[in-house]
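Structure file run_30.pdb (PDB, C-alpha atoms) is printed below.
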ATOM      1  CA  MET Z   1      10.534 162.934 -79.930
ATOM      2  CA  SER Z   2      13.268 161.466 -77.724
ATOM      3  CA  GLY Z   3      12.667 158.806 -75.094
ATOM      4  CA  LEU Z   4      13.319 161.359 -72.360
ATOM      5  CA  MET Z   5      10.854 163.828 -73.870
ATOM      6  CA  LEU Z   6       8.265 161.075 -74.275
ATOM      7  CA  SER Z   7       8.651 160.096 -70.639
ATOM      8  CA  ARG Z   8       8.226 163.699 -69.480
ATOM      9  CA  VAL Z   9       5.129 164.232 -71.595
ATOM     10  CA  ALA Z  10       3.605 160.915 -70.557
ATOM     11  CA  ASN Z  11       4.357 161.591 -66.892
ATOM     12  CA  SER Z  12       2.789 165.072 -67.013
ATOM     13  CA  ILE Z  13      -0.369 163.875 -68.748
ATOM     14  CA  TYR Z  14      -0.707 160.915 -66.393
ATOM     15  CA  TRP Z  15      -0.406 163.083 -63.270
ATOM     16  CA  MET Z  16      -2.511 165.920 -64.647
ATOM     17  CA  SER Z  17      -5.301 163.389 -65.001
ATOM     18  CA  ARG Z  18      -4.750 161.799 -61.573
ATOM     19  CA  TYR Z  19      -4.740 165.150 -59.780
ATOM     20  CA  LEU Z  20      -7.927 166.300 -61.519
ATOM     21  CA  GLU Z  21      -9.668 163.045 -60.624
ATOM     22  CA  ARG Z  22      -8.406 163.262 -57.035
ATOM     23  CA  ALA Z  23      -9.701 166.826 -56.611
ATOM     24  CA  ASP Z  24     -13.071 165.796 -58.039
ATOM     25  CA  SER Z  25     -13.328 162.773 -55.738
ATOM     26  CA  ILE Z  26     -12.509 164.741 -52.591
ATOM     27  CA  ALA Z  27     -14.933 167.514 -53.559
ATOM     28  CA  CYS Z  28     -17.683 164.940 -54.021
ATOM     29  CA  PHE Z  29     -16.912 163.240 -50.681
ATOM     30  CA  ILE Z  30     -17.102 166.514 -48.737
ATOM     31  CA  ASP Z  31     -20.121 167.811 -50.653
ATOM     32  CA  VAL Z  32     -22.113 164.682 -49.820
ATOM     33  CA  ASN Z  33     -21.111 164.789 -46.157
ATOM     34  CA  LEU Z  34     -22.197 168.426 -45.852
ATOM     35  CA  LYS Z  35     -25.551 167.627 -47.453
ATOM     36  CA  LEU Z  36     -25.936 164.594 -45.195
ATOM     37  CA  ILE Z  37     -26.181 167.001 -42.255
ATOM     38  CA  LEU Z  38     -29.362 168.344 -43.812
ATOM     39  CA  ASP Z  39     -30.707 164.949 -44.919
ATOM     40  CA  ILE Z  40     -30.619 163.345 -41.477
ATOM     41  CA  ALA Z  41     -30.963 166.541 -39.438
ATOM     42  CA  LEU Z  42     -27.872 165.910 -37.337
ATOM     43  CA  ASP Z  43     -25.804 168.413 -35.458
ATOM     44  CA  ARG Z  44     -22.444 169.047 -37.104
ATOM     45  CA  GLU Z  45     -20.650 167.392 -34.191
ATOM     46  CA  ASN Z  46     -22.540 164.126 -34.777
ATOM     47  CA  VAL Z  47     -21.651 163.772 -38.451
ATOM     48  CA  GLN Z  48     -18.750 161.433 -39.136
ATOM     49  CA  TRP Z  49     -15.781 163.350 -40.542
ATOM     50  CA  GLN Z  50     -13.059 160.840 -39.732
ATOM     51  CA  PRO Z  51     -13.995 158.549 -42.674
ATOM     52  CA  LEU Z  52     -13.184 161.376 -45.104
ATOM     53  CA  VAL Z  53      -9.695 161.748 -43.663
ATOM     54  CA  LEU Z  54      -9.206 157.973 -43.753
ATOM     55  CA  ALA Z  55     -10.490 157.741 -47.334
ATOM     56  CA  SER Z  56      -7.959 160.367 -48.377
ATOM     57  CA  GLY Z  57      -5.140 158.187 -47.019
ATOM     58  CA  ASP Z  58      -3.644 161.176 -45.193
ATOM     59  CA  GLU Z  59      -4.737 160.495 -41.616
ATOM     60  CA  ALA Z  60      -1.148 160.458 -40.313
ATOM     61  CA  ASP Z  61      -0.488 163.903 -41.776
ATOM     62  CA  PHE Z  62      -3.779 165.220 -40.386
ATOM     63  CA  PHE Z  63      -3.161 164.064 -36.823
ATOM     64  CA  LYS Z  64       0.361 165.465 -36.841
ATOM     65  CA  ARG Z  65      -1.014 168.974 -37.221
ATOM     66  CA  TYR Z  66      -4.577 168.860 -35.888
ATOM     67  CA  LYS Z  67      -5.545 167.711 -32.413
ATOM     68  CA  THR Z  68      -9.303 167.914 -32.963
ATOM     69  CA  LEU Z  69     -11.204 166.080 -35.676
ATOM     70  CA  ASP Z  70     -14.239 168.169 -36.565
ATOM     71  CA  GLN Z  71     -15.928 169.629 -39.621
ATOM     72  CA  LYS Z  72     -13.959 172.877 -39.733
ATOM     73  CA  ARG Z  73     -10.530 171.245 -39.519
ATOM     74  CA  VAL Z  74     -11.302 168.325 -41.819
ATOM     75  CA  VAL Z  75     -12.830 170.556 -44.501
ATOM     76  CA  HIS Z  76      -9.861 172.954 -44.355
ATOM     77  CA  PHE Z  77      -7.334 170.090 -44.432
ATOM     78  CA  LEU Z  78      -8.972 168.426 -47.431
ATOM     79  CA  THR Z  79      -9.838 171.603 -49.335
ATOM     80  CA  PHE Z  80      -7.419 174.480 -48.729
ATOM     81  CA  ASP Z  81      -4.451 173.193 -46.716
ATOM     82  CA  THR Z  82      -1.363 173.954 -48.805
ATOM     83  CA  LEU Z  83       0.746 171.747 -46.515
ATOM     84  CA  ASN Z  84      -1.429 168.799 -47.486
ATOM     85  CA  PRO Z  85      -0.170 167.641 -50.917
ATOM     86  CA  ASN Z  86      -3.523 165.940 -51.520
ATOM     87  CA  SER Z  87      -5.836 168.816 -50.629
ATOM     88  CA  ILE Z  88      -8.107 169.998 -53.423
ATOM     89  CA  LEU Z  89      -6.129 173.234 -53.729
ATOM     90  CA  SER Z  90      -2.823 171.345 -53.981
ATOM     91  CA  CYS Z  91      -4.260 168.865 -56.498
ATOM     92  CA  ILE Z  92      -5.602 171.590 -58.780
ATOM     93  CA  LEU Z  93      -2.308 173.476 -58.569
ATOM     94  CA  ASN Z  94      -0.409 170.313 -59.532
ATOM     95  CA  ALA Z  95      -2.891 169.487 -62.303
ATOM     96  CA  ARG Z  96      -2.411 173.003 -63.704
ATOM     97  CA  GLU Z  97       1.399 172.770 -63.570
ATOM     98  CA  ASN Z  98       1.379 169.428 -65.376
ATOM     99  CA  ALA Z  99      -1.134 170.710 -67.932
ATOM    100  CA  ARG Z 100       1.015 173.793 -68.553
ATOM    101  CA  THR Z 101       3.985 171.638 -69.551
ATOM    102  CA  VAL Z 102       1.922 169.736 -72.154
ATOM    103  CA  ARG Z 103      -0.196 172.578 -73.540
ATOM    104  CA  GLU Z 104       0.856 171.662 -77.076
ATOM    105  CA  ILE Z 105      -0.388 168.084 -76.557
ATOM    106  CA  ILE Z 106      -3.798 168.620 -74.942
ATOM    107  CA  PRO Z 107      -6.759 170.609 -76.382
ATOM    108  CA  THR Z 108      -6.508 174.339 -75.708
ATOM    109  CA  GLU Z 109      -9.969 174.258 -74.130
ATOM    110  CA  LEU Z 110      -8.798 171.634 -71.641
ATOM    111  CA  TRP Z 111      -5.901 173.831 -70.535
ATOM    112  CA  GLU Z 112      -8.266 176.802 -70.214
ATOM    113  CA  THR Z 113     -10.706 174.783 -68.104
ATOM    114  CA  ILE Z 114      -7.973 173.687 -65.704
ATOM    115  CA  ASN Z 115      -6.457 177.165 -65.566
ATOM    116  CA  GLU Z 116      -9.827 178.789 -64.838
ATOM    117  CA  LEU Z 117     -10.532 176.246 -62.103
ATOM    118  CA  TYR Z 118      -7.159 177.003 -60.520
ATOM    119  CA  HIS Z 119      -7.875 180.748 -60.404
ATOM    120  CA  PHE Z 120     -11.386 180.095 -59.117
ATOM    121  CA  ILE Z 121     -10.232 178.049 -56.108
ATOM    122  CA  GLN Z 122      -7.333 180.413 -55.437
ATOM    123  CA  LYS Z 123      -9.793 183.299 -55.197
ATOM    124  CA  TYR Z 124     -12.111 181.216 -53.020
ATOM    125  CA  SER Z 125      -9.280 180.239 -50.669
ATOM    126  CA  LYS Z 126      -8.557 183.908 -49.914
ATOM    127  CA  LYS Z 127     -12.078 184.629 -48.683
ATOM    128  CA  ARG Z 128     -12.266 185.457 -44.998
ATOM    129  CA  GLN Z 129     -15.633 183.789 -44.591
ATOM    130  CA  LYS Z 130     -16.002 180.309 -46.025
ATOM    131  CA  ASP Z 131     -19.306 179.305 -44.436
ATOM    132  CA  ASN Z 132     -20.860 178.028 -47.654
ATOM    133  CA  LEU Z 133     -18.498 175.864 -49.669
ATOM    134  CA  LEU Z 134     -21.152 174.003 -51.655
ATOM    135  CA  PRO Z 135     -20.763 176.330 -54.703
ATOM    136  CA  LEU Z 136     -17.019 175.622 -54.673
ATOM    137  CA  TYR Z 137     -17.477 171.848 -54.716
ATOM    138  CA  ALA Z 138     -20.168 172.164 -57.388
ATOM    139  CA  GLN Z 139     -17.767 174.157 -59.592
ATOM    140  CA  ILE Z 140     -14.955 171.623 -59.099
ATOM    141  CA  LYS Z 141     -17.246 168.782 -60.160
ATOM    142  CA  ALA Z 142     -18.629 170.781 -63.090
ATOM    143  CA  SER Z 143     -15.124 171.670 -64.302
ATOM    144  CA  ASN Z 144     -14.033 168.047 -64.116
ATOM    145  CA  ASN Z 145     -17.090 167.023 -66.143
ATOM    146  CA  VAL Z 146     -16.175 169.634 -68.762
ATOM    147  CA  ALA Z 147     -12.602 168.321 -68.806
ATOM    148  CA  CYS Z 148     -13.835 164.747 -69.285
ATOM    149  CA  GLY Z 149     -16.067 165.911 -72.141
ATOM    150  CA  LEU Z 150     -13.161 167.662 -73.840
ATOM    151  CA  VAL Z 151     -11.018 164.545 -73.502
ATOM    152  CA  ALA Z 152     -13.794 162.441 -75.030
ATOM    153  CA  ASN Z 153     -14.588 164.830 -77.867
ATOM    154  CA  ALA Z 154     -11.424 166.763 -78.701
ATOM    155  CA  MET Z 155      -8.364 164.531 -78.190
ATOM    156  CA  LEU Z 156      -6.642 162.314 -80.681
ATOM    157  CA  ARG Z 157      -6.909 158.610 -79.906
ATOM    158  CA  ASP Z 158      -3.148 158.393 -79.406
ATOM    159  CA  GLN Z 159      -0.679 157.690 -76.596
ATOM    160  CA  ALA Z 160      -1.524 160.933 -74.795
ATOM    161  CA  LEU Z 161      -5.175 159.946 -74.485
ATOM    162  CA  HIS Z 162      -4.314 156.525 -73.085
ATOM    163  CA  PHE Z 163      -1.835 157.886 -70.525
ATOM    164  CA  LEU Z 164      -4.536 160.328 -69.458
ATOM    165  CA  ARG Z 165      -7.023 157.478 -69.088
ATOM    166  CA  LEU Z 166      -4.504 155.450 -67.113
ATOM    167  CA  GLY Z 167      -4.191 158.244 -64.584
ATOM    168  CA  GLN Z 168      -7.928 158.795 -64.407
ATOM    169  CA  MET Z 169      -8.897 155.128 -64.054
ATOM    170  CA  ILE Z 170      -6.190 154.178 -61.553
ATOM    171  CA  GLU Z 171      -7.035 157.179 -59.361
ATOM    172  CA  ARG Z 172     -10.758 156.479 -59.618
ATOM    173  CA  ALA Z 173     -10.385 152.804 -58.731
ATOM    174  CA  ASP Z 174      -8.241 153.730 -55.736
ATOM    175  CA  LYS Z 175     -10.732 156.312 -54.416
ATOM    176  CA  THR Z 176     -13.772 154.061 -54.898
ATOM    177  CA  ALA Z 177     -11.987 151.250 -53.073
ATOM    178  CA  ARG Z 178     -10.873 153.525 -50.217
ATOM    179  CA  LEU Z 179     -14.335 154.999 -49.740
ATOM    180  CA  LEU Z 180     -16.045 151.619 -49.717
ATOM    181  CA  ASP Z 181     -13.480 150.157 -47.319
ATOM    182  CA  VAL Z 182     -13.662 153.042 -44.844
ATOM    183  CA  LYS Z 183     -17.429 153.446 -44.963
ATOM    184  CA  TYR Z 184     -18.048 149.705 -44.633
ATOM    185  CA  PHE Z 185     -15.903 149.679 -41.498
ATOM    186  CA  HIS Z 186     -17.781 152.609 -39.965
ATOM    187  CA  LEU Z 187     -21.190 151.332 -41.054
ATOM    188  CA  LEU Z 188     -20.363 147.693 -40.293
ATOM    189  CA  PRO Z 189     -23.671 145.806 -40.405
ATOM    190  CA  SER Z 190     -25.218 144.641 -37.141
ATOM    191  CA  PRO Z 191     -28.614 142.959 -36.638
ATOM    192  CA  GLU Z 192     -30.259 146.062 -35.164
ATOM    193  CA  TYR Z 193     -28.763 148.367 -37.820
ATOM    194  CA  VAL Z 194     -29.281 146.519 -41.109
ATOM    195  CA  ASP Z 195     -32.175 147.768 -43.270
ATOM    196  CA  SER Z 196     -32.969 150.639 -40.922
ATOM    197  CA  PRO Z 197     -33.827 154.063 -42.427
ATOM    198  CA  TYR Z 198     -30.503 155.418 -41.151
ATOM    199  CA  ASP Z 199     -28.707 152.532 -42.854
ATOM    200  CA  ALA Z 200     -30.309 153.381 -46.192
ATOM    201  CA  VAL Z 201     -29.445 157.073 -45.869
ATOM    202  CA  GLU Z 202     -25.800 156.368 -45.020
ATOM    203  CA  TRP Z 203     -25.303 153.864 -47.837
ATOM    204  CA  GLY Z 204     -27.140 156.227 -50.156
ATOM    205  CA  ALA Z 205     -24.534 158.838 -49.212
ATOM    206  CA  VAL Z 206     -21.773 156.386 -50.150
ATOM    207  CA  LEU Z 207     -23.340 156.008 -53.597
ATOM    208  CA  ARG Z 208     -23.725 159.764 -54.009
ATOM    209  CA  SER Z 209     -20.063 160.205 -53.082
ATOM    210  CA  VAL Z 210     -19.159 158.495 -56.356
ATOM    211  CA  SER Z 211     -22.124 159.854 -58.355
ATOM    212  CA  ALA Z 212     -23.673 156.389 -58.389
ATOM    213  CA  PHE Z 213     -27.054 156.765 -56.659
ATOM    214  CA  GLN Z 214     -29.367 157.044 -59.677
ATOM    215  CA  MET Z 215     -27.590 154.359 -61.692
ATOM    216  CA  TYR Z 216     -27.659 152.053 -58.669
ATOM    217  CA  ARG Z 217     -31.413 152.537 -58.265
ATOM    218  CA  LYS Z 218     -31.949 151.527 -61.891
ATOM    219  CA  LYS Z 219     -30.511 148.118 -61.036
ATOM    220  CA  TYR Z 220     -31.429 147.524 -57.379
ATOM    221  CA  HIS Z 221     -34.692 148.125 -55.497
ATOM    222  CA  GLN Z 222     -33.228 148.850 -52.053
ATOM    223  CA  VAL Z 223     -30.097 150.494 -50.737
ATOM    224  CA  ASN Z 224     -28.130 148.090 -48.566
ATOM    225  CA  TYR Z 225     -24.481 147.287 -47.905
ATOM    226  CA  ARG Z 226     -24.427 144.047 -49.882
ATOM    227  CA  ASP Z 227     -25.817 145.491 -53.118
ATOM    228  CA  VAL Z 228     -23.810 148.718 -52.807
ATOM    229  CA  SER Z 229     -20.642 146.655 -52.434
ATOM    230  CA  GLU Z 230     -21.543 144.542 -55.456
ATOM    231  CA  PHE Z 231     -22.303 147.597 -57.599
ATOM    232  CA  LEU Z 232     -19.193 149.566 -56.678
ATOM    233  CA  ILE Z 233     -16.829 146.597 -56.952
ATOM    234  CA  PHE Z 234     -18.161 144.371 -59.709
ATOM    235  CA  ASP Z 235     -20.470 146.281 -62.047
ATOM    236  CA  PRO Z 236     -18.855 146.151 -65.525
ATOM    237  CA  PHE Z 237     -20.770 149.123 -66.959
ATOM    238  CA  PHE Z 238     -20.729 151.825 -64.265
ATOM    239  CA  PRO Z 239     -17.739 154.145 -64.926
ATOM    240  CA  ARG Z 240     -16.729 154.442 -61.269
ATOM    241  CA  SER Z 241     -16.904 150.806 -60.274
ATOM    242  CA  ILE Z 242     -13.611 149.076 -59.537
ATOM    243  CA  ASN Z 243     -14.261 146.460 -62.214
ATOM    244  CA  TYR Z 244     -14.942 149.072 -64.914
ATOM    245  CA  CYS Z 245     -11.797 151.011 -64.004
ATOM    246  CA  VAL Z 246      -9.678 147.858 -64.104
ATOM    247  CA  ASN Z 247     -11.024 146.893 -67.529
ATOM    248  CA  GLN Z 248     -10.472 150.380 -68.951
ATOM    249  CA  THR Z 249      -6.955 150.553 -67.527
ATOM    250  CA  LEU Z 250      -6.105 147.208 -69.079
ATOM    251  CA  SER Z 251      -7.513 148.393 -72.416
ATOM    252  CA  SER Z 252      -5.355 151.537 -72.385
ATOM    253  CA  LEU Z 253      -2.286 149.568 -71.342
ATOM    254  CA  GLY Z 254      -2.864 147.280 -74.312
ATOM    255  CA  ALA Z 255      -3.205 150.268 -76.655
ATOM    256  CA  ILE Z 256       0.002 151.875 -75.342
ATOM    257  CA  THR Z 257       1.863 148.595 -75.715
ATOM    258  CA  GLU Z 258       0.695 148.323 -79.328
ATOM    259  CA  MET Z 259       1.626 151.926 -80.155
ATOM    260  CA  THR Z 260       5.025 152.007 -78.466
ATOM    261  CA  LYS Z 261       6.080 148.368 -78.909
ATOM    262  CA  VAL Z 262       7.185 148.492 -75.266
ATOM    263  CA  ASP Z 263       6.349 145.303 -73.363
ATOM    264  CA  MET Z 264       4.681 146.559 -70.222
ATOM    265  CA  GLY Z 265       4.724 144.445 -67.093
ATOM    266  CA  ALA Z 266       1.872 146.654 -65.911
ATOM    267  CA  LYS Z 267      -0.437 144.930 -68.393
ATOM    268  CA  TYR Z 268       0.343 141.584 -66.779
ATOM    269  CA  GLU Z 269      -0.203 143.005 -63.281
ATOM    270  CA  MET Z 270      -3.498 144.593 -64.327
ATOM    271  CA  ALA Z 271      -4.635 141.319 -65.859
ATOM    272  CA  LYS Z 272      -4.060 139.713 -62.456
ATOM    273  CA  LEU Z 273      -6.409 142.272 -60.899
ATOM    274  CA  GLN Z 274      -8.975 141.539 -63.586
ATOM    275  CA  GLN Z 275      -8.766 137.816 -62.803
ATOM    276  CA  MET Z 276      -9.052 138.584 -59.094
ATOM    277  CA  LEU Z 277     -12.432 140.206 -59.777
ATOM    278  CA  LEU Z 278     -13.609 137.568 -62.234
ATOM    279  CA  LEU Z 279     -12.912 134.661 -59.889
ATOM    280  CA  THR Z 280     -14.876 135.911 -56.904
ATOM    281  CA  SER Z 281     -18.275 137.357 -55.950
ATOM    282  CA  VAL Z 282     -19.587 139.957 -53.550
ATOM    283  CA  ASP Z 283     -20.889 137.312 -51.144
ATOM    284  CA  LYS Z 284     -17.497 135.626 -51.007
ATOM    285  CA  VAL Z 285     -15.765 138.984 -50.522
ATOM    286  CA  LEU Z 286     -18.054 139.976 -47.641
ATOM    287  CA  ALA Z 287     -17.762 136.539 -46.035
ATOM    288  CA  GLU Z 288     -13.963 136.510 -46.164
ATOM    289  CA  GLY Z 289     -13.521 140.207 -45.358
ATOM    290  CA  LEU Z 290     -14.072 143.294 -47.479
ATOM    291  CA  HIS Z 291     -11.124 145.094 -45.898
ATOM    292  CA  GLU Z 292      -8.757 142.227 -46.717
ATOM    293  CA  PHE Z 293     -10.029 142.121 -50.302
ATOM    294  CA  ILE Z 294      -9.607 145.867 -50.841
ATOM    295  CA  ASP Z 295      -6.234 145.889 -49.084
ATOM    296  CA  LEU Z 296      -4.973 143.252 -51.534
ATOM    297  CA  PHE Z 297      -6.529 145.109 -54.460
ATOM    298  CA  GLN Z 298      -4.828 148.384 -53.524
ATOM    299  CA  PHE Z 299      -1.510 146.653 -52.941
ATOM    300  CA  ASN Z 300      -1.641 145.256 -56.488
ATOM    301  CA  LEU Z 301      -2.874 148.566 -57.894
ATOM    302  CA  ASN Z 302       0.205 150.237 -56.417
ATOM    303  CA  ILE Z 303       2.359 147.650 -58.163
ATOM    304  CA  VAL Z 304       0.719 148.596 -61.475
ATOM    305  CA  ASP Z 305       1.499 152.271 -60.824
ATOM    306  CA  GLN Z 306       5.134 151.436 -60.004
ATOM    307  CA  VAL Z 307       5.563 149.331 -63.151
ATOM    308  CA  ILE Z 308       4.065 152.109 -65.305
ATOM    309  CA  TYR Z 309       6.600 154.495 -63.783
ATOM    310  CA  ARG Z 310       9.541 152.170 -64.461
ATOM    311  CA  SER Z 311       8.335 151.354 -67.988
ATOM    312  CA  PHE Z 312       7.815 154.914 -69.203
ATOM    313  CA  PHE Z 313       8.567 157.722 -66.780
ATOM    314  CA  GLU Z 314      12.096 156.593 -65.948
ATOM    315  CA  LEU Z 315      13.162 156.359 -69.577
ATOM    316  CA  LYS Z 316      16.631 157.750 -70.275
ATOM    317  CA  GLU Z 317      18.043 158.984 -73.565
TER     318      GLU Z 317
END
Take the structure from the file and write it as structure tokens.
Amino acid sequence: MSGLMLSRVANSIYWMSRYLERADSIACFIDVNLKLILDIALDRENVQWQPLVLASGDEADFFKRYKTLDQKRVVHFLTFDTLNPNSILSCILNARENARTVREIIPTELWETINELYHFIQKYSKKRQKDNLLPLYAQIKASNNVACGLVANAMLRDQALHFLRLGQMIERADKTARLLDVKYFHLLPSPEYVDSPYDAVEWGAVLRSVSAFQMYRKKYHQVNYRDVSEFLIFDPFFPRSINYCVNQTLSSLGAITEMTKVDMGAKYEMAKLQQMLLLTSVDKVLAEGLHEFIDLFQFNLNIVDQVIYRSFFELKE
């Protein structure tokens, strides 16, 4: 396999994984927000939809084309908008295209799962009435869980697996960080708000947005901003915490380096992120500014992504 072919295969697997993870994350965010309407008995107009647009990182694109920020427009923008490259529909299309180019590398069942999901959402997008989207988001999450199971149980422990994990873990760390940053800003603690029932429901929704609620409750007695921040940033064992994703990314980078004998600067950059987490605590982060901490984290995570691209995806024959 030539260097150019290797770079194409690695790039496709990496982005297939990132797009699948991105679609799953957005589906979970919207699903939880829709259910929150029922949990706290609010009118649709009173539920916060702006944080979802901010967490996607596409607020500039949204406000270029939509003048009103409400449930209907936000849900369409994040789910079906083909002009939004990060909508769920666009992500699944891109995941399918990348998977198609590496069908001989990934398990056949994984390709079939992605292909079936693509046709499912395409059919759903053509419905005239889309009043109940909860079955759609449930199917997206279920398909991603099937895909993760196939990766765990049916793939060789080779370069392809580790490039897939890189994409998954980097995307997951980014989305967890974005959600926590945006939600913390909108739910910024104040003396009259902290430890109120509404506070617990909102922070519970943050946990559910990353499938973390039950695992969190095994470790903590109450739901509050301090403990949620600690769990989602620092927990070394929860698969969607920032710390776990960083450690897994560093592990896969080390494996790729060993297999390819290519000295990756990304491993050094990821080690810096690991040290950043090891040398601080949640109380220090909250005292000095959660937004500043996450902003620095995401800046360095982007550097890792850029170095991975230069190390492997730009390879020439």
Expand the PyMOL selection byres ((chain Z and resi 240) around 8) into the individual residues it matches in the shown file, reporting them as a compact mmCIF listing (two decimals) with C-alpha atoms, in the frame of the given file.
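What follows is the written file part-v2.txt:
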# COMPACT_ATOMS: atom_id res chain seq x y z
CA ARG Z 172 -10.76 156.48 -59.62
CA ALA Z 173 -10.38 152.80 -58.73
CA THR Z 176 -13.77 154.06 -54.90
CA VAL Z 210 -19.16 158.50 -56.36
CA ALA Z 212 -23.67 156.39 -58.39
CA LEU Z 232 -19.19 149.57 -56.68
CA PHE Z 238 -20.73 151.82 -64.26
CA PRO Z 239 -17.74 154.15 -64.93
CA SER Z 241 -16.90 150.81 -60.27
CA ILE Z 242 -13.61 149.08 -59.54
CA TYR Z 244 -14.94 149.07 -64.91
CA CYS Z 245 -11.80 151.01 -64.00
Nearest-residue call for Asp305 (chain Z), choices Z:His119, Z:Lys284, Z:Lys267, Z:Arg157, using all atoms listed in the file: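 Comparing Z:His119, Z:Lys284, Z:Lys267, Z:Arg157 against Asp305 (chain Z), the winner is Z:Lys267.
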Please build the interface table for region 7-59 of chain Z against region 69-79 of chain Z with a cut-off of 12 Å, listing for each qualifying residue the nearest atom pair and the distance in Å to one decimal; count all atoms listed in the file, order rows by chain and increasing number, and write it as a Markdown table.
| residue | atom | partner | partner_atom | distance |
| --- | --- | --- | --- | --- |
| Z:Arg22 | CA | Z:Leu78 | CA | 10.9 |
| Z:Ala23 | CA | Z:Thr79 | CA | 8.7 |
| Z:Asp24 | CA | Z:Thr79 | CA | 11.0 |
| Z:Ser25 | CA | Z:Leu78 | CA | 11.0 |
| Z:Ile26 | CA | Z:Leu78 | CA | 7.3 |
| Z:Ala27 | CA | Z:Thr79 | CA | 7.8 |
| Z:Cys28 | CA | Z:Thr79 | CA | 11.3 |
| Z:Phe29 | CA | Z:Leu78 | CA | 10.0 |
| Z:Ile30 | CA | Z:Val75 | CA | 7.2 |
| Z:Asp31 | CA | Z:Val75 | CA | 9.9 |
| Z:Asn33 | CA | Z:Gln71 | CA | 9.6 |
| Z:Leu34 | CA | Z:Gln71 | CA | 8.9 |
| Z:Ile37 | CA | Z:Gln71 | CA | 10.9 |
| Z:Asp43 | CA | Z:Gln71 | CA | 10.8 |
| Z:Arg44 | CA | Z:Gln71 | CA | 7.0 |
| Z:Glu45 | CA | Z:Asp70 | CA | 6.9 |
| Z:Asn46 | CA | Z:Asp70 | CA | 9.4 |
| Z:Val47 | CA | Z:Gln71 | CA | 8.3 |
| Z:Gln48 | CA | Z:Asp70 | CA | 8.5 |
| Z:Trp49 | CA | Z:Gln71 | CA | 6.3 |
| Z:Gln50 | CA | Z:Leu69 | CA | 6.9 |
| Z:Pro51 | CA | Z:Val74 | CA | 10.2 |
| Z:Leu52 | CA | Z:Val74 | CA | 7.9 |
| Z:Val53 | CA | Z:Val74 | CA | 7.0 |
| Z:Leu54 | CA | Z:Val74 | CA | 10.7 |
| Z:Ala55 | CA | Z:Leu78 | CA | 10.8 |
| Z:Ser56 | CA | Z:Leu78 | CA | 8.2 |
| Z:Gly57 | CA | Z:Leu78 | CA | 10.9 |
| Z:Asp58 | CA | Z:Leu78 | CA | 9.3 |
| Z:Glu59 | CA | Z:Val74 | CA | 10.2 |
Length of the CA of Ala138 (chain Z) to CA of Phe231 (chain Z) vector [Å]: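 Calculated distance between CA of Ala138 (chain Z) and CA of Phe231 (chain Z) is 24.7 Å.
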Pick from Z:Val206, Z:Leu6, Z:Ile114, Z:Leu273, whichever lies nearest to Ala147 (chain Z) using only C-alpha atoms: Z:Ile114
Residues selected by the PyMOL selection byres ((chain Z and resi 92) around 8), written as a ChimeraX atom specification: /Z:19-20,23,88-91,93-96,114,117-118
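Taking only C-alpha atoms into account, Leu110 (chain Z) lies nearest to Z:Met16 out of the set Z:Val32, Z:Met16, Z:Ile170, Z:Val182.
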Determine the axis-aligned bounding box of all atoms of region 59-66 of chain Z present in the file, pad each side by 6 Å, and express its centre and edge lengths in Å to one decimal place as AutoDock Vina command-line options.
--center_x -2.2 --center_y 164.7 --center_z -38.8 --size_x 17.1 --size_y 20.5 --size_z 17.9
CA of Ala99 (chain Z) to CA of Val262 (chain Z), straight-line distance in Å: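 If I compute the distance from CA of Val262 (chain Z) to CA of Ala99 (chain Z), I get 24.8 Å.
Proximity to Leu296 (chain Z) was assessed for Z:Leu277, Z:Phe62, Z:Ala154, Z:Ser252 counting all atoms listed in the file; the smallest distance is recorded for Z:Leu277.
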Polymer residues at most 10 Å from Ile303 (chain Z), all atoms listed in the file, same-chain spacing of 5 or more positions, as a PyMOL selection string: chain Z and resi 265-266+269-270+297-298+308-309
Let's have the selection written as a PDB file, in the coordinates of the input, with C-alpha atoms.
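Wrote result-v3.pdb, looks like this:
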ATOM      1  CA  GLY Z 265       4.724 144.445 -67.093  1.00  0.00           C
ATOM      2  CA  ALA Z 266       1.872 146.654 -65.911  1.00  0.00           C
ATOM      3  CA  GLU Z 269      -0.203 143.005 -63.281  1.00  0.00           C
ATOM      4  CA  MET Z 270      -3.498 144.593 -64.327  1.00  0.00           C
ATOM      5  CA  PHE Z 297      -6.529 145.109 -54.460  1.00  0.00           C
ATOM      6  CA  GLN Z 298      -4.828 148.384 -53.524  1.00  0.00           C
ATOM      7  CA  ILE Z 308       4.065 152.109 -65.305  1.00  0.00           C
ATOM      8  CA  TYR Z 309       6.600 154.495 -63.783  1.00  0.00           C
TER       9      TYR Z 309
END
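Taking CA of Val102 (chain Z) and CA of Ala10 (chain Z) as the two end points, the separation is 9.1 Å.
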Minimum-distance residue to Val282 (chain Z), chosen among Z:Phe120, Z:Tyr216, Z:Phe234, Z:Trp111 (using only C-alpha atoms):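 Once distances to Val282 (chain Z) are computed over only C-alpha atoms, the minimum belongs to Z:Phe234.
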Residues matched by the PyMOL selection byres ((chain Z and resi 286-292) around 9) as a ChimeraX atom specification: /Z:180-182,184-185,226,229,281-285,293-297
